[in-house]
>>> print(open('upload16.tsv').read())   # TSV, C-alpha atoms and all ligand atoms
chain	number	residue	atom	x	y	z
A	1	MET	CA	-35.22	16.00	-42.45
A	2	MET	CA	-38.28	18.13	-43.19
A	3	LYS	CA	-41.42	16.20	-43.99
A	4	ASP	CA	-42.68	17.29	-47.41
A	5	LYS	CA	-46.07	15.69	-47.44
A	6	GLU	CA	-48.41	13.22	-45.83
A	7	PHE	CA	-48.94	10.68	-48.59
A	8	LEU	CA	-51.87	8.35	-48.07
A	9	GLY	CA	-51.22	8.60	-44.33
A	10	THR	CA	-47.46	8.00	-44.63
A	11	PRO	CA	-44.84	10.74	-44.23
A	12	PHE	CA	-43.26	11.28	-47.63
A	13	TYR	CA	-39.86	12.86	-48.16
A	14	PHE	CA	-39.23	13.92	-51.74
A	15	ALA	CA	-35.51	14.34	-51.19
A	16	GLU	CA	-35.22	10.89	-49.62
A	17	PHE	CA	-37.10	9.28	-52.49
A	18	PHE	CA	-35.55	11.08	-55.40
A	19	GLY	CA	-32.11	11.85	-53.99
A	20	GLU	CA	-31.00	15.25	-52.71
A	21	ARG	CA	-30.15	16.70	-56.10
A	22	GLU	CA	-31.86	14.39	-58.54
A	23	GLY	CA	-34.98	15.64	-60.15
A	24	ILE	CA	-34.48	19.34	-59.50
A	25	MET	CA	-35.87	20.09	-62.98
A	26	ARG	CA	-37.48	16.75	-63.81
A	27	LEU	CA	-38.80	13.82	-61.85
A	28	GLN	CA	-38.04	10.99	-64.26
A	29	SER	CA	-40.01	7.74	-64.30
A	30	ARG	CA	-38.38	4.53	-63.11
A	31	LYS	CA	-39.34	2.74	-66.34
A	32	LYS	CA	-38.71	4.54	-69.61
A	33	VAL	CA	-40.57	4.02	-72.87
A	34	VAL	CA	-38.49	4.65	-75.98
A	35	VAL	CA	-40.29	5.15	-79.29
A	36	LYS	CA	-38.27	6.07	-82.37
A	37	ASN	CA	-35.52	7.58	-80.19
A	38	LYS	CA	-37.92	9.64	-78.11
A	39	VAL	CA	-37.74	8.83	-74.41
A	40	PHE	CA	-40.95	9.00	-72.40
A	41	GLY	CA	-40.08	9.45	-68.73
A	42	GLY	CA	-36.54	10.64	-69.44
A	43	GLU	CA	-34.64	13.90	-69.06
A	44	ASP	CA	-37.04	16.04	-71.06
A	45	MET	CA	-40.79	16.45	-71.15
A	46	LEU	CA	-41.86	15.65	-74.71
A	47	VAL	CA	-44.16	17.93	-76.71
A	48	CYS	CA	-46.96	16.45	-78.81
A	49	LEU	CA	-49.01	18.20	-81.49
A	50	PRO	CA	-52.48	16.80	-82.21
A	51	LEU	CA	-54.16	16.54	-85.61
A	52	VAL	CA	-57.94	17.05	-85.58
A	53	SER	CA	-58.55	17.17	-89.34
A	54	SER	CA	-61.91	16.06	-90.70
A	55	ASN	CA	-60.77	14.60	-94.05
A	56	LYS	CA	-57.70	13.23	-95.79
A	57	GLU	CA	-56.88	16.40	-97.70
A	58	THR	CA	-56.80	18.61	-94.61
A	59	LEU	CA	-55.06	15.89	-92.61
A	60	ILE	CA	-52.14	15.86	-95.00
A	61	LYS	CA	-52.03	19.66	-95.14
A	62	ASP	CA	-52.22	19.99	-91.34
A	63	ALA	CA	-49.58	17.28	-90.90
A	64	GLY	CA	-47.20	19.17	-93.19
A	65	LYS	CA	-47.80	22.33	-91.17
A	66	ILE	CA	-47.23	20.78	-87.74
A	67	CYS	CA	-44.08	18.98	-88.92
A	68	GLU	CA	-42.54	22.42	-89.52
A	69	TYR	CA	-42.57	22.85	-85.72
A	70	ASN	CA	-40.61	19.64	-85.29
A	71	PRO	CA	-42.70	18.24	-82.41
A	72	ASP	CA	-41.39	15.22	-80.48
A	73	VAL	CA	-44.62	13.30	-81.04
A	74	ILE	CA	-47.76	13.62	-83.20
A	75	GLU	CA	-51.25	12.51	-82.20
A	76	TRP	CA	-53.90	11.71	-84.79
A	77	ARG	CA	-57.30	12.23	-83.19
A	78	VAL	CA	-59.04	10.00	-85.68
A	79	ASP	CA	-62.39	10.56	-83.92
A	80	TYR	CA	-62.45	14.00	-85.63
A	81	PHE	CA	-62.24	12.30	-89.05
A	82	ASP	CA	-65.56	12.42	-90.93
A	83	THR	CA	-65.23	8.82	-92.16
A	84	VAL	CA	-63.82	7.32	-88.97
A	85	ASN	CA	-66.36	4.50	-89.18
A	86	ASP	CA	-64.97	3.43	-92.53
A	87	ALA	CA	-61.82	1.54	-91.53
A	88	GLU	CA	-60.55	1.42	-95.14
A	89	SER	CA	-60.57	5.20	-95.42
A	90	VAL	CA	-58.79	5.47	-92.06
A	91	VAL	CA	-56.08	3.07	-93.28
A	92	ASP	CA	-55.74	4.97	-96.55
A	93	ALA	CA	-55.36	8.31	-94.74
A	94	LEU	CA	-52.97	6.78	-92.20
A	95	GLU	CA	-50.66	5.49	-94.90
A	96	SER	CA	-50.44	8.94	-96.48
A	97	LEU	CA	-50.03	10.58	-93.07
A	98	SER	CA	-47.17	8.24	-92.29
A	99	GLU	CA	-45.33	9.37	-95.42
A	100	VAL	CA	-45.63	13.02	-94.38
A	101	ILE	CA	-44.55	12.62	-90.74
A	102	GLY	CA	-41.74	10.12	-91.46
A	103	GLU	CA	-39.83	9.17	-88.32
A	104	LYS	CA	-42.00	11.06	-85.81
A	105	PRO	CA	-43.74	8.82	-83.27
A	106	LEU	CA	-47.49	8.70	-83.91
A	107	ILE	CA	-50.20	8.29	-81.27
A	108	PHE	CA	-53.46	6.93	-82.68
A	109	THR	CA	-56.47	8.07	-80.63
A	110	CYS	CA	-60.02	7.03	-81.42
A	111	ARG	CA	-62.07	8.60	-78.61
A	112	HIS	CA	-65.80	8.03	-78.23
A	113	LYS	CA	-68.20	10.92	-77.53
A	114	ARG	CA	-68.97	9.51	-74.09
A	115	GLU	CA	-65.22	9.77	-73.31
A	116	GLY	CA	-64.97	13.38	-74.48
A	117	GLY	CA	-64.22	12.46	-78.10
A	118	GLN	CA	-66.07	13.43	-81.27
A	119	SER	CA	-67.53	10.23	-82.72
A	120	ASP	CA	-69.86	7.38	-82.03
A	121	PHE	CA	-68.88	3.77	-82.69
A	122	SER	CA	-69.47	0.43	-81.05
A	123	ASP	CA	-66.67	-1.21	-79.05
A	124	MET	CA	-66.41	-3.86	-81.77
A	125	LYS	CA	-66.14	-1.25	-84.50
A	126	ARG	CA	-63.40	0.56	-82.61
A	127	VAL	CA	-61.40	-2.62	-82.14
A	128	ASP	CA	-61.74	-3.26	-85.89
A	129	ILE	CA	-60.53	0.27	-86.77
A	130	ILE	CA	-57.61	-0.09	-84.36
A	131	ARG	CA	-56.66	-3.57	-85.63
A	132	LYS	CA	-56.56	-2.35	-89.24
A	133	ALA	CA	-54.74	0.86	-88.34
A	134	VAL	CA	-52.08	-1.00	-86.33
A	135	SER	CA	-51.57	-3.53	-89.12
A	136	THR	CA	-50.27	-0.73	-91.40
A	137	GLY	CA	-47.20	-0.42	-89.16
A	138	ALA	CA	-47.73	3.35	-89.04
A	139	VAL	CA	-48.99	3.50	-85.45
A	140	ASP	CA	-46.43	3.74	-82.63
A	141	LEU	CA	-48.71	4.37	-79.66
A	142	LEU	CA	-52.39	3.70	-79.03
A	143	ASP	CA	-54.43	5.82	-76.66
A	144	ILE	CA	-57.52	4.30	-75.11
A	145	GLU	CA	-59.63	5.12	-72.03
A	146	MET	CA	-58.94	2.93	-69.01
A	147	SER	CA	-62.71	2.80	-68.45
A	148	SER	CA	-63.16	0.95	-71.78
A	149	ASP	CA	-65.11	-2.28	-71.91
A	150	ARG	CA	-62.80	-4.96	-70.40
A	151	GLU	CA	-63.09	-7.35	-73.34
A	152	ALA	CA	-62.36	-4.62	-75.87
A	153	LEU	CA	-59.42	-3.47	-73.76
A	154	GLU	CA	-57.97	-6.99	-73.69
A	155	ASP	CA	-58.35	-7.22	-77.49
A	156	ILE	CA	-56.56	-3.89	-77.89
A	157	LYS	CA	-53.76	-4.95	-75.54
A	158	ARG	CA	-53.27	-8.11	-77.58
A	159	ILE	CA	-53.22	-6.16	-80.86
A	160	SER	CA	-50.70	-3.66	-79.53
A	161	GLU	CA	-48.42	-6.30	-78.00
A	162	GLU	CA	-48.32	-8.25	-81.27
A	163	LYS	CA	-47.06	-5.22	-83.17
A	164	ASP	CA	-45.00	-3.71	-80.35
A	165	VAL	CA	-47.25	-0.67	-80.25
A	166	LYS	CA	-47.13	1.13	-76.89
A	167	LEU	CA	-50.35	1.50	-74.96
A	168	ILE	CA	-51.44	4.75	-73.29
A	169	LEU	CA	-54.31	4.19	-70.88
A	170	SER	CA	-56.17	7.44	-70.22
A	171	TYR	CA	-58.57	8.89	-67.71
A	172	HIS	CA	-60.48	12.03	-68.73
A	173	ASN	CA	-62.83	14.10	-66.64
A	174	PHE	CA	-64.16	17.23	-68.33
A	175	GLU	CA	-66.25	18.22	-65.27
A	176	GLU	CA	-63.95	18.11	-62.29
A	177	THR	CA	-60.65	17.09	-60.71
A	178	PRO	CA	-60.45	14.13	-58.32
A	179	ASP	CA	-58.66	14.78	-55.02
A	180	GLU	CA	-54.93	14.12	-54.75
A	181	SER	CA	-55.19	10.47	-53.76
A	182	GLY	CA	-57.88	9.93	-56.42
A	183	ILE	CA	-55.50	11.22	-59.10
A	184	VAL	CA	-52.65	9.01	-57.89
A	185	GLU	CA	-55.03	6.05	-57.78
A	186	LYS	CA	-56.17	6.62	-61.40
A	187	LEU	CA	-52.57	6.80	-62.62
A	188	ALA	CA	-51.76	3.60	-60.70
A	189	GLU	CA	-54.84	1.93	-62.19
A	190	GLY	CA	-53.49	2.60	-65.69
A	191	GLU	CA	-50.31	0.73	-64.78
A	192	ARG	CA	-52.23	-2.14	-63.15
A	193	LEU	CA	-54.33	-2.51	-66.30
A	194	GLY	CA	-51.19	-3.00	-68.37
A	195	ALA	CA	-50.42	0.46	-69.76
A	196	ASP	CA	-46.96	1.42	-70.98
A	197	ILE	CA	-47.89	5.04	-70.18
A	198	SER	CA	-50.64	6.23	-67.83
A	199	LYS	CA	-52.46	9.50	-68.61
A	200	LEU	CA	-54.92	11.71	-66.78
A	201	ALA	CA	-56.53	14.93	-68.08
A	202	VAL	CA	-59.02	16.64	-65.78
A	203	MET	CA	-60.88	19.93	-65.47
A	204	PRO	CA	-60.14	22.22	-62.53
A	205	ASN	CA	-62.93	24.15	-60.80
A	206	CYS	CA	-60.62	26.12	-58.51
A	207	HIS	CA	-56.91	26.86	-58.16
A	208	GLY	CA	-56.61	24.17	-55.50
A	209	ASP	CA	-57.53	21.59	-58.15
A	210	VAL	CA	-54.57	22.75	-60.26
A	211	LEU	CA	-52.23	22.44	-57.28
A	212	ASN	CA	-53.62	18.99	-56.51
A	213	LEU	CA	-52.92	17.87	-60.07
A	214	LEU	CA	-49.29	18.95	-59.75
A	215	SER	CA	-48.70	17.51	-56.29
A	216	ALA	CA	-50.47	14.27	-57.22
A	217	SER	CA	-48.23	13.98	-60.31
A	218	CYS	CA	-45.20	14.20	-58.02
A	219	LEU	CA	-46.61	11.67	-55.61
A	220	ALA	CA	-47.56	9.30	-58.42
A	221	ARG	CA	-43.85	8.92	-59.20
A	222	LYS	CA	-43.53	6.99	-55.95
A	223	GLU	CA	-46.47	4.73	-56.67
A	224	VAL	CA	-46.16	4.22	-60.41
A	225	ASP	CA	-43.12	3.04	-62.35
A	226	ILE	CA	-44.22	3.82	-65.90
A	227	PRO	CA	-44.17	7.25	-67.60
A	228	LEU	CA	-47.08	9.56	-66.83
A	229	ILE	CA	-48.97	12.27	-68.66
A	230	THR	CA	-50.98	14.60	-66.42
A	231	VAL	CA	-52.97	17.65	-67.49
A	232	SER	CA	-55.17	20.19	-65.77
A	233	MET	CA	-57.33	21.42	-68.66
A	234	GLY	CA	-58.97	24.79	-69.37
A	235	GLU	CA	-57.57	28.28	-68.92
A	236	MET	CA	-56.97	27.80	-65.20
A	237	GLY	CA	-55.01	24.62	-65.73
A	238	SER	CA	-52.96	25.68	-68.73
A	239	LEU	CA	-49.87	26.43	-66.62
A	240	THR	CA	-49.65	22.68	-65.90
A	241	ARG	CA	-48.98	22.18	-69.61
A	242	ILE	CA	-45.77	24.20	-69.14
A	243	VAL	CA	-44.56	23.33	-65.65
A	244	GLY	CA	-46.06	19.81	-65.51
A	245	GLY	CA	-42.79	18.35	-66.77
A	246	MET	CA	-41.04	19.43	-63.58
A	247	PHE	CA	-43.63	17.64	-61.47
A	248	GLY	CA	-43.57	14.32	-63.27
A	249	SER	CA	-45.60	14.69	-66.46
A	250	ASP	CA	-43.67	13.23	-69.38
A	251	LEU	CA	-45.51	14.76	-72.32
A	252	SER	CA	-47.52	17.90	-72.98
A	253	PHE	CA	-50.04	18.56	-75.75
A	254	ALA	CA	-49.61	21.91	-77.53
A	255	VAL	CA	-51.21	23.56	-80.56
A	256	GLY	CA	-49.56	23.45	-84.00
A	257	SER	CA	-52.53	23.63	-86.29
A	258	GLU	CA	-55.70	23.38	-84.14
A	259	SER	CA	-56.21	22.54	-80.50
A	260	SER	CA	-57.72	19.24	-79.36
A	261	ALA	CA	-58.59	20.24	-75.77
A	262	PRO	CA	-59.30	23.36	-73.72
A	263	GLY	CA	-56.28	25.26	-72.39
A	264	GLN	CA	-53.67	24.03	-74.87
A	265	VAL	CA	-51.07	26.67	-75.76
A	266	PRO	CA	-49.39	27.32	-79.12
A	267	ILE	CA	-46.16	25.35	-79.42
A	268	GLU	CA	-44.01	28.47	-80.03
A	269	ASP	CA	-45.24	29.99	-76.75
A	270	MET	CA	-44.71	26.71	-74.94
A	271	ARG	CA	-41.14	26.45	-76.16
A	272	LYS	CA	-40.39	30.05	-75.18
A	273	MET	CA	-41.75	29.45	-71.69
A	274	LEU	CA	-39.95	26.13	-71.30
A	275	GLY	CA	-36.76	27.82	-72.48
A	276	LEU	CA	-37.15	30.53	-69.82
A	277	LEU	CA	-37.87	28.01	-67.09
A	278	THR	CA	-34.95	25.77	-67.88
A	279	ASN	CA	-32.71	28.66	-68.88
A	280	GLN	CA	-31.68	26.92	-72.06
A	281	VAL	CA	-30.88	28.31	-75.45
A	282	LEU	CA	-34.10	28.33	-77.49
A	283	VAL	CA	-34.43	25.95	-80.43
B	1	LIG	O1	-55.86	12.97	-73.83
B	1	LIG	C1	-55.36	13.91	-74.40
B	1	LIG	C2	-54.98	15.10	-73.66
B	1	LIG	C3	-55.79	16.27	-74.17
B	1	LIG	O2	-57.14	16.07	-73.81
B	1	LIG	C4	-55.31	17.56	-73.51
B	1	LIG	O3	-55.98	18.03	-72.59
B	1	LIG	O4	-54.29	18.10	-73.94
B	1	LIG	C5	-55.64	16.38	-75.69
B	1	LIG	C6	-56.03	15.11	-76.40
B	1	LIG	O5	-55.84	15.25	-77.79
B	1	LIG	C7	-55.23	13.95	-75.87
B	1	LIG	O6	-55.67	12.75	-76.44
>>> encode(input="upload16.tsv", output="structure tokens", more="lines below")
Ligand SMILES: O=C1C[C@@](O)(C(=O)O)C[C@@H](O)[C@@H]1O
Amino acid sequence: MMKDKEFLGTPFYFAEFFGEREGIMRLQSRKKVVVKNKVFGGEDMLVCLPLVSSNKETLIKDAGKICEYNPDVIEWRVDYFDTVNDAESVVDALESLSEVIGEKPLIFTCRHKREGGQSDFSDMKRVDIIRKAVSTGAVDLLDIEMSSDREALEDIKRISEEKDVKLILSYHNFEETPDESGIVEKLAEGERLGADISKLAVMPNCHGDVLNLLSASCLARKEVDIPLITVSMGEMGSLTRIVGGMFGSDLSFAVGSESSAPGQVPIEDMRKMLGLLTNQVLV
């Protein structure tokens, strides 16, 4: 059998690991995460539309608009919200948002400036916002950096477990892309820290970085059991948002109203391209 790759010093045969035919279009994860009938790590890569609205009025308007595209998942980037530090106003907006999006799974992301987000808050404040948001029952998944303060992370894990909210542990690097084994290691770290889903979004500085992101996503399937989200950001990396699903990424962020990261593509374009790649009838 042809050796596909040296993986951390060990010969690695994709066909042997995944089966000769299995995974031609998708490398599925061993463990699946099911949220409101959407399967992370299953047959299809899911498409998520982010909301980056700055106040309740635009949030509700933007939510209505993105729902017209019928995304699989919605992310509220609450760090873009002007009054993010006022937990009561976040809860109030969340309750209205939940009415608009109905049965769509919602990711709640409260990202600090130092993590590439938009707002400043203390670790304690963030835990408080998250606790109150989760207690509404409107949050299905929480996204938090794996580099977060350990105590805060443990609090957040406890909060999410109590309410059966799934935890996405993320690694962002807006400067560069780690090498292949560094990417696999980060994704494995997410799982070790207790994530339900491990995510990595990194900036490429050359085309080799984009290839590394894709090959590392494939290799991570051997090392990591949980669903993965991997992104090469920026213009150079934007193709990974389309083809990433074939290499082991289980969700891709597209644009419905406004983008939340460099290199995201409009959802209509993404669906056209995915339709061409998988030769399916377009929805
Ligand atoms: O972490 C991610 C991935 C992302 O940064 C992207 O590159 O698409 C977009 C963010 O909104 C999301 O929380």
>>> closest_residue(input="upload16.tsv", among="A:Asn55, A:Ser135, A:Ser148, A:Ser260", to="ligand LIG 1 (chain B)", atoms="only C-alpha atoms and all ligand atoms")
A:Ser260
>>> atom_distance(input="upload16.tsv", atom1="CA of Lys125 in chain A", atom2="atom C3 of ligand LIG 1 (chain B)")
22.8 Å
>>> closest_residue(input="upload16.tsv", among="A:Val35, A:Leu167, A:Ile267, A:Leu213", to="Glu191 in chain A", atoms="only C-alpha atoms")
A:Leu167
>>> closest_residue(input="upload16.tsv", among="A:Val33, A:Leu239, A:Leu276, A:Val90", to="ligand LIG 1 (chain B)", atoms="all atoms listed in the file")
A:Leu239
>>> atom_distance(input="upload16.tsv", atom1="CA of Leu274 in chain A", atom2="CA of Pro178 in chain A")
27.1 Å
>>> residues_near_ligand(input="upload16.tsv", ligand="ligand LIG 1 (chain B)", cutoff="6 Å", atoms="all atoms listed in the file", output="VMD selection string")
chain A and resid 50 201 231 233 253 260 to 261
>>> closest_residue(input="upload16.tsv", among="A:Ser249, A:Ser238, A:Ser232, A:Thr83", to="Ser217 in chain A", atoms="only C-alpha atoms")
A:Ser249
>>> residues_around(input="upload16.tsv", residues="Met246 in chain A", least_positions_apart="3", cutoff="10 Å", atoms="only C-alpha atoms", output="list in words")
Gly23, Ile24, Met25, Arg26, Leu27, Gln28, Asp44, Met45, Leu214, Ser217, Cys218, Thr240, Ile242, Val243, Ser249, Asp250, Leu277 and Thr278 of chain A
>>> atom_distance(input="upload16.tsv", atom1="CA of Gly234 in chain A", atom2="CA of Met203 in chain A")
6.5 Å
>>> residues_around(input="upload16.tsv", residues="range 119-123 of chain A", least_positions_apart="3", cutoff="10 Å", atoms="all atoms listed in the file", output="ChimeraX atom specification")
/A:78-85,110-116,126-129,148-149,151-153
>>> write_last_selection(input="upload16.tsv", atoms="C-alpha atoms", output="JSON list (two decimals), in the coordinates of the input")
[["chain", "number", "residue", "atom", "x", "y", "z"],
["A", 78, "VAL", "CA", -59.04, 10.00, -85.68],
["A", 79, "ASP", "CA", -62.39, 10.56, -83.92],
["A", 80, "TYR", "CA", -62.45, 14.00, -85.63],
["A", 81, "PHE", "CA", -62.24, 12.30, -89.05],
["A", 82, "ASP", "CA", -65.56, 12.42, -90.93],
["A", 83, "THR", "CA", -65.23, 8.82, -92.16],
["A", 84, "VAL", "CA", -63.82, 7.32, -88.97],
["A", 85, "ASN", "CA", -66.36, 4.50, -89.18],
["A", 110, "CYS", "CA", -60.02, 7.03, -81.42],
["A", 111, "ARG", "CA", -62.07, 8.60, -78.61],
["A", 112, "HIS", "CA", -65.80, 8.03, -78.23],
["A", 113, "LYS", "CA", -68.20, 10.92, -77.53],
["A", 114, "ARG", "CA", -68.97, 9.51, -74.09],
["A", 115, "GLU", "CA", -65.22, 9.77, -73.31],
["A", 116, "GLY", "CA", -64.97, 13.38, -74.48],
["A", 126, "ARG", "CA", -63.40, 0.56, -82.61],
["A", 127, "VAL", "CA", -61.40, -2.62, -82.14],
["A", 128, "ASP", "CA", -61.74, -3.26, -85.89],
["A", 129, "ILE", "CA", -60.53, 0.27, -86.77],
["A", 148, "SER", "CA", -63.16, 0.95, -71.78],
["A", 149, "ASP", "CA", -65.11, -2.28, -71.91],
["A", 151, "GLU", "CA", -63.09, -7.35, -73.34],
["A", 152, "ALA", "CA", -62.36, -4.62, -75.87],
["A", 153, "LEU", "CA", -59.42, -3.47, -73.76]]
>>> closest_residue(input="upload16.tsv", among="A:Ile156, A:Ala254, A:Val139, A:Thr177", to="Asn212 in chain A", atoms="only C-alpha atoms")
A:Thr177
>>> build_atoms(input="upload16.tsv", residues="range 227-245 of chain A", atoms="N, CA and C atoms", output="PDB file, keeping the file's coordinate frame")
ATOM      1  N   PRO A 227     -44.017   5.828 -67.318  1.00  0.00           N
ATOM      2  CA  PRO A 227     -44.170   7.250 -67.600  1.00  0.00           C
ATOM      3  C   PRO A 227     -45.619   7.704 -67.435  1.00  0.00           C
ATOM      4  N   LEU A 228     -45.758   8.987 -67.112  1.00  0.00           N
ATOM      5  CA  LEU A 228     -47.080   9.560 -66.830  1.00  0.00           C
ATOM      6  C   LEU A 228     -47.317  10.786 -67.703  1.00  0.00           C
ATOM      7  N   ILE A 229     -48.581  11.008 -68.018  1.00  0.00           N
ATOM      8  CA  ILE A 229     -48.970  12.270 -68.660  1.00  0.00           C
ATOM      9  C   ILE A 229     -50.100  12.823 -67.802  1.00  0.00           C
ATOM     10  N   THR A 230     -49.919  14.028 -67.255  1.00  0.00           N
ATOM     11  CA  THR A 230     -50.980  14.600 -66.420  1.00  0.00           C
ATOM     12  C   THR A 230     -51.277  16.016 -66.902  1.00  0.00           C
ATOM     13  N   VAL A 231     -52.548  16.343 -66.975  1.00  0.00           N
ATOM     14  CA  VAL A 231     -52.970  17.650 -67.490  1.00  0.00           C
ATOM     15  C   VAL A 231     -54.119  18.198 -66.657  1.00  0.00           C
ATOM     16  N   SER A 232     -54.017  19.465 -66.276  1.00  0.00           N
ATOM     17  CA  SER A 232     -55.170  20.190 -65.770  1.00  0.00           C
ATOM     18  C   SER A 232     -55.645  21.031 -66.958  1.00  0.00           C
ATOM     19  N   MET A 233     -56.869  20.786 -67.418  1.00  0.00           N
ATOM     20  CA  MET A 233     -57.330  21.420 -68.660  1.00  0.00           C
ATOM     21  C   MET A 233     -57.889  22.821 -68.400  1.00  0.00           C
ATOM     22  N   GLY A 234     -58.353  23.471 -69.473  1.00  0.00           N
ATOM     23  CA  GLY A 234     -58.970  24.790 -69.370  1.00  0.00           C
ATOM     24  C   GLY A 234     -57.937  25.874 -69.113  1.00  0.00           C
ATOM     25  N   GLU A 235     -58.465  27.128 -69.081  1.00  0.00           N
ATOM     26  CA  GLU A 235     -57.570  28.280 -68.920  1.00  0.00           C
ATOM     27  C   GLU A 235     -56.811  28.206 -67.585  1.00  0.00           C
ATOM     28  N   MET A 236     -57.572  27.835 -66.536  1.00  0.00           N
ATOM     29  CA  MET A 236     -56.970  27.800 -65.200  1.00  0.00           C
ATOM     30  C   MET A 236     -55.833  26.796 -65.106  1.00  0.00           C
ATOM     31  N   GLY A 237     -56.003  25.692 -65.842  1.00  0.00           N
ATOM     32  CA  GLY A 237     -55.010  24.620 -65.730  1.00  0.00           C
ATOM     33  C   GLY A 237     -53.867  24.734 -66.711  1.00  0.00           C
ATOM     34  N   SER A 238     -53.913  25.734 -67.603  1.00  0.00           N
ATOM     35  CA  SER A 238     -52.960  25.680 -68.730  1.00  0.00           C
ATOM     36  C   SER A 238     -51.505  25.781 -68.270  1.00  0.00           C
ATOM     37  N   LEU A 239     -51.256  26.373 -67.091  1.00  0.00           N
ATOM     38  CA  LEU A 239     -49.870  26.430 -66.620  1.00  0.00           C
ATOM     39  C   LEU A 239     -49.292  25.025 -66.395  1.00  0.00           C
ATOM     40  N   THR A 240     -50.160  24.043 -66.115  1.00  0.00           N
ATOM     41  CA  THR A 240     -49.650  22.680 -65.900  1.00  0.00           C
ATOM     42  C   THR A 240     -49.075  22.101 -67.197  1.00  0.00           C
ATOM     43  N   ARG A 241     -49.502  22.658 -68.313  1.00  0.00           N
ATOM     44  CA  ARG A 241     -48.980  22.180 -69.610  1.00  0.00           C
ATOM     45  C   ARG A 241     -47.531  22.646 -69.799  1.00  0.00           C
ATOM     46  N   ILE A 242     -47.146  23.688 -69.059  1.00  0.00           N
ATOM     47  CA  ILE A 242     -45.770  24.200 -69.140  1.00  0.00           C
ATOM     48  C   ILE A 242     -44.918  23.614 -68.023  1.00  0.00           C
ATOM     49  N   VAL A 243     -45.399  23.749 -66.780  1.00  0.00           N
ATOM     50  CA  VAL A 243     -44.560  23.330 -65.650  1.00  0.00           C
ATOM     51  C   VAL A 243     -44.747  21.858 -65.280  1.00  0.00           C
ATOM     52  N   GLY A 244     -45.755  21.201 -65.878  1.00  0.00           N
ATOM     53  CA  GLY A 244     -46.060  19.810 -65.510  1.00  0.00           C
ATOM     54  C   GLY A 244     -44.842  18.895 -65.621  1.00  0.00           C
ATOM     55  N   GLY A 245     -43.976  19.184 -66.564  1.00  0.00           N
ATOM     56  CA  GLY A 245     -42.790  18.350 -66.770  1.00  0.00           C
ATOM     57  C   GLY A 245     -41.893  18.308 -65.548  1.00  0.00           C
TER      58      GLY A 245
END
